[in-house]
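Text of entry_23.txt (compact mmCIF, C-alpha atoms) as supplied:
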```txt
# COMPACT_ATOMS: atom_id res chain seq x y z
CA MET A 1 -1.72 11.74 -5.81
CA ALA A 2 0.28 9.24 -3.79
CA SER A 3 2.78 6.58 -4.81
CA ILE A 4 1.70 3.30 -3.25
CA ILE A 5 3.63 0.03 -3.24
CA ILE A 6 1.92 -3.10 -1.94
CA ASP A 7 3.26 -6.44 -0.75
CA GLY A 8 0.55 -8.38 -2.58
CA TYR A 9 0.46 -11.66 -0.68
CA ASN A 10 0.78 -9.83 2.63
CA LEU A 11 -2.39 -7.95 1.70
CA ILE A 12 -4.49 -10.88 0.44
CA GLY A 13 -2.90 -13.72 2.40
CA THR A 14 -1.88 -17.07 0.98
CA ALA A 15 -4.53 -19.33 2.53
CA HIS A 16 -6.68 -19.41 -0.60
CA GLY A 17 -7.57 -22.29 -2.86
CA ASP A 18 -6.92 -20.27 -6.00
CA LEU A 19 -4.15 -17.68 -5.60
CA ALA A 20 -4.35 -16.64 -9.26
CA LYS A 21 -8.02 -15.73 -8.80
CA GLU A 22 -7.25 -13.79 -5.61
CA ARG A 23 -4.42 -11.90 -7.36
CA ASP A 24 -6.73 -11.00 -10.26
CA GLU A 25 -9.45 -9.81 -7.88
CA LEU A 26 -6.94 -7.66 -5.98
CA ILE A 27 -5.61 -6.13 -9.20
CA ARG A 28 -9.17 -5.44 -10.38
CA ALA A 29 -10.03 -3.77 -7.05
CA LEU A 30 -6.82 -1.71 -7.15
CA SER A 31 -7.58 -0.64 -10.72
CA GLY A 32 -10.97 0.69 -9.62
CA TYR A 33 -9.34 2.39 -6.64
CA ARG A 34 -6.78 4.00 -8.94
CA LYS A 35 -9.54 5.35 -11.18
CA THR A 36 -11.31 6.85 -8.17
CA LYS A 37 -8.27 8.27 -6.36
CA GLY A 38 -5.66 8.73 -9.10
CA HIS A 39 -2.79 7.16 -7.14
CA ASP A 40 0.28 5.58 -8.74
CA ILE A 41 0.03 1.94 -7.56
CA THR A 42 2.59 -0.87 -7.70
CA VAL A 43 1.81 -4.33 -6.35
CA VAL A 44 4.55 -6.93 -5.81
CA PHE A 45 3.99 -10.69 -5.63
CA ASP A 46 6.43 -13.37 -4.54
CA GLY A 47 7.95 -15.48 -7.25
CA TRP A 48 10.72 -16.95 -5.11
CA LYS A 49 9.32 -20.50 -5.24
CA SER A 50 7.75 -20.60 -8.68
CA GLY A 51 8.87 -17.44 -10.43
CA GLY A 52 10.88 -17.08 -13.59
CA ARG A 53 14.59 -16.55 -13.96
CA HIS A 54 13.99 -12.82 -14.27
CA GLU A 55 11.75 -10.38 -12.47
CA GLU A 56 8.56 -9.81 -14.47
CA THR A 57 6.84 -6.42 -14.62
CA LEU A 58 3.55 -5.75 -16.38
CA THR A 59 0.81 -3.17 -16.28
CA THR A 60 -2.80 -4.24 -15.86
CA GLY A 61 -5.62 -1.71 -15.55
CA GLY A 62 -3.10 1.03 -14.80
CA ILE A 63 -1.58 -1.00 -11.95
CA ARG A 64 2.12 -1.87 -12.17
CA VAL A 65 2.42 -5.54 -11.21
CA ILE A 66 5.81 -7.03 -10.35
CA TYR A 67 6.50 -10.75 -9.87
CA SER A 68 9.82 -11.32 -8.14
CA ARG A 69 12.27 -13.68 -9.81
CA LEU A 70 12.90 -17.20 -8.61
CA GLY A 71 14.81 -16.98 -5.34
CA ASP A 72 13.68 -13.42 -4.47
CA THR A 73 10.82 -12.46 -2.19
CA ALA A 74 8.37 -9.61 -2.65
CA ASP A 75 9.96 -8.08 0.47
CA THR A 76 13.29 -7.81 -1.34
CA VAL A 77 11.67 -6.13 -4.36
CA VAL A 78 9.67 -3.70 -2.19
CA LYS A 79 12.76 -2.69 -0.20
CA ARG A 80 14.86 -2.29 -3.35
CA THR A 81 12.16 -0.18 -5.04
CA ILE A 82 11.64 2.24 -2.16
CA SER A 83 15.40 2.56 -1.67
CA SER A 84 16.25 3.19 -5.31
CA ASP A 85 13.28 5.39 -6.23
CA ARG A 86 13.68 8.01 -3.51
CA ARG A 87 10.20 9.43 -3.22
CA GLU A 88 7.78 9.23 -0.33
CA TRP A 89 6.07 5.91 -0.87
CA ILE A 90 3.07 4.65 1.02
CA VAL A 91 4.19 1.07 1.69
CA VAL A 92 1.32 -1.37 2.31
CA SER A 93 2.50 -4.34 4.36
CA SER A 94 2.11 -5.64 7.89
CA ASP A 95 5.67 -7.01 7.83
CA ARG A 96 7.75 -5.30 10.54
CA ASP A 97 10.99 -5.57 8.57
CA ILE A 98 9.44 -3.80 5.58
CA ALA A 99 7.91 -1.16 7.87
CA SER A 100 11.28 -0.48 9.49
CA HIS A 101 12.95 -0.23 6.09
CA ALA A 102 10.20 2.09 4.83
CA TRP A 103 10.70 4.51 7.74
CA SER A 104 14.46 4.55 7.17
CA ALA A 105 13.92 5.26 3.44
CA GLY A 106 11.63 8.23 4.14
CA SER A 107 8.42 6.37 3.28
CA VAL A 108 5.35 5.63 5.37
CA PRO A 109 4.31 2.03 6.07
CA VAL A 110 0.58 1.35 6.32
CA PRO A 111 -0.60 -1.95 7.82
CA SER A 112 -2.52 -4.15 5.39
CA ASP A 113 -5.75 -4.11 7.42
CA LEU A 114 -5.87 -0.29 7.42
CA PHE A 115 -5.30 -0.18 3.66
CA LEU A 116 -8.09 -2.73 3.10
CA ARG A 117 -10.45 -0.43 5.04
CA ALA A 118 -9.44 2.52 2.83
CA LEU A 119 -9.93 0.35 -0.26
CA GLY A 120 -13.41 -0.64 0.96
CA ARG A 121 -14.31 2.98 1.75
CA ALA A 122 -13.25 4.09 -1.72
CA ALA A 123 -15.38 1.37 -3.33
CA THR A 124 -18.51 2.64 -1.56
CA GLU A 125 -17.65 6.33 -1.75
CA ASP A 126 -19.90 8.68 -3.70
CA PRO A 127 -17.64 10.22 -6.39
CA GLY A 128 -19.57 13.51 -6.20
CA CYS A 129 -19.00 13.85 -2.49
CA CYS A 130 -16.89 16.75 -1.29
CA ASP A 131 -15.30 15.09 1.77
CA SER A 132 -12.94 12.32 0.73
CA SER A 133 -11.30 11.67 4.10
CA GLY A 134 -14.23 10.00 5.82
CA ASP A 135 -12.21 9.79 9.06
CA GLU A 136 -12.55 13.13 10.79
CA ASP A 137 -12.18 11.60 14.22
CA ASP A 138 -8.79 10.09 13.26
CA THR A 139 -7.11 13.50 13.15
CA SER A 140 -8.94 15.21 16.01
CA SER A 141 -5.92 15.25 18.34
CA VAL A 142 -3.32 16.03 15.67
CA GLY A 143 -2.06 19.59 15.81
CA MET A 144 -3.71 20.50 19.13
CA LYS A 145 -1.43 23.10 20.61
CA GLY A 146 -0.16 22.17 24.05
CA SER A 147 -1.76 18.73 24.07
CA PRO A 148 0.00 16.41 26.52
CA ARG A 149 -0.98 13.49 24.30
CA MET A 150 0.77 14.68 21.18
CA LEU A 151 1.12 11.91 18.60
CA SER A 152 4.60 10.79 17.65
CA LYS A 153 6.08 11.77 14.29
CA LYS A 154 5.45 8.27 12.96
CA GLU A 155 1.83 8.27 14.12
CA ARG A 156 1.25 11.68 12.52
CA ALA A 157 2.86 10.50 9.27
CA LEU A 158 0.63 7.40 9.28
CA ARG A 159 -2.48 9.53 9.81
CA ARG A 160 -1.48 11.82 6.92
CA ALA A 161 -0.94 8.77 4.68
CA LEU A 162 -4.31 7.30 5.67
CA ASN A 163 -6.03 10.60 4.90
CA ARG A 164 -4.45 10.57 1.43
CA LEU A 165 -5.77 7.07 0.83
```

Would you mind giving the structure from this file in structure tokens?
Amino acid sequence: MASIIIDGYNLIGTAHGDLAKERDELIRALSGYRKTKGHDITVVFDGWKSGGRHEETLTTGGIRVIYSRLGDTADTVVKRTISSDRREWIVVSSDRDIASHAWSAGSVPVPSDLFLRALGRAATEDPGCCDSSGDEDDTSSVGMKGSPRMLSKKERALRRALNRL
């Protein structure tokens, strides 16, 4: 089981007519993913323009949902969470600043597009299937003794995180 924290609007984008609908669809998809995989999932949405005076946290379908307070961004909440709760988080965001902070906090950043692929795979995965990785070719060069093309520590950590997803 992995601990995953997601920058919600970074994952779904903000160019939608109905952001509330998109948020609900994401939470519903993450809830199904959680049931399949058993991961501890937190998703953070910006409230810096229209949020309340206080940060709001609720649980929906087993997913912890955080809305940042007015004046704070989801980035701030994600960074604070991974810094204060010192466990190895899988941090889903394509934001370079968050990725840099995640590495320094001992967590692994996963770009949003790669997480969306894992989410899509899990939705179509046969629950009775024995092989849950589905990406055997992704790890073919990892661990090859004497390979001149050894992956960096960060690349190996990303591959391990993707295999857990």

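Between Ile66 (chain A) and the candidates A:Ile5, A:Ile12, A:Leu151, A:Leu19, the tightest atom-to-atom separation, counting only C-alpha atoms, involves A:Ile5.
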
Contacts between region 90-106 of chain A and region 1-55 of chain A, please, where a residue of region 1-55 of chain A counts if it comes within 10 Å (with all atoms listed in the file); show its shortest atom pair and distance in Å to one decimal, rows by chain and ascending number, as a tab-separated table.
```
residue	atom	partner	partner_atom	distance
A:Ala2	CA	A:Ile90	CA	7.2
A:Ser3	CA	A:Ile90	CA	6.1
A:Ile4	CA	A:Ile90	CA	4.7
A:Ile5	CA	A:Val91	CA	5.1
A:Ile6	CA	A:Val92	CA	4.6
A:Asp7	CA	A:Ser93	CA	5.6
A:Gly8	CA	A:Ser93	CA	8.3
A:Tyr9	CA	A:Ser93	CA	9.1
A:Asn10	CA	A:Ser93	CA	6.0
A:Leu11	CA	A:Ser93	CA	6.6
A:Ile41	CA	A:Ile90	CA	9.5
A:Thr42	CA	A:Val91	CA	9.7
A:Val43	CA	A:Val92	CA	9.2
```

Selected residue, from A:Val44, A:Val108, A:Leu116, A:Val65, that lies nearest to Val78 (chain A) when counting only C-alpha atoms: A:Val44

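Minimum atom-to-atom distances from A:Leu26, A:Ala20, A:Arg80, A:Ala15 to Gly120 (chain A) were compared using only C-alpha atoms, and the lowest value belongs to A:Leu26.
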
Within 8 Å of His54 (chain A), counting all atoms listed in the file, which residues show up once you throw out same-chain ones fewer than 5 positions away? Write them as a PyMOL selection string, please. chain A and resi 68-70

Between CA of Tyr33 (chain A) and CA of Ala157 (chain A) lies a distance of 21.6 Å

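Between CA of Arg121 (chain A) and CA of Arg160 (chain A) there is a distance of 16.4 Å.
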
How far is it from CA of Thr57 (chain A) to CA of Asp72 (chain A), in Å with one decimal? 14.1 Å

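The shortest atom-to-atom distance to Met1 (chain A), with all atoms listed in the file taken into account, belongs to A:Thr36 out of A:Ser31, A:Thr60, A:Thr36, A:Thr81.
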
Which residue out of A:Leu30, A:Arg87, A:Ala118, A:Arg159 has the minimum interatomic distance to Arg64 (chain A) when only C-alpha atoms are used? A:Leu30
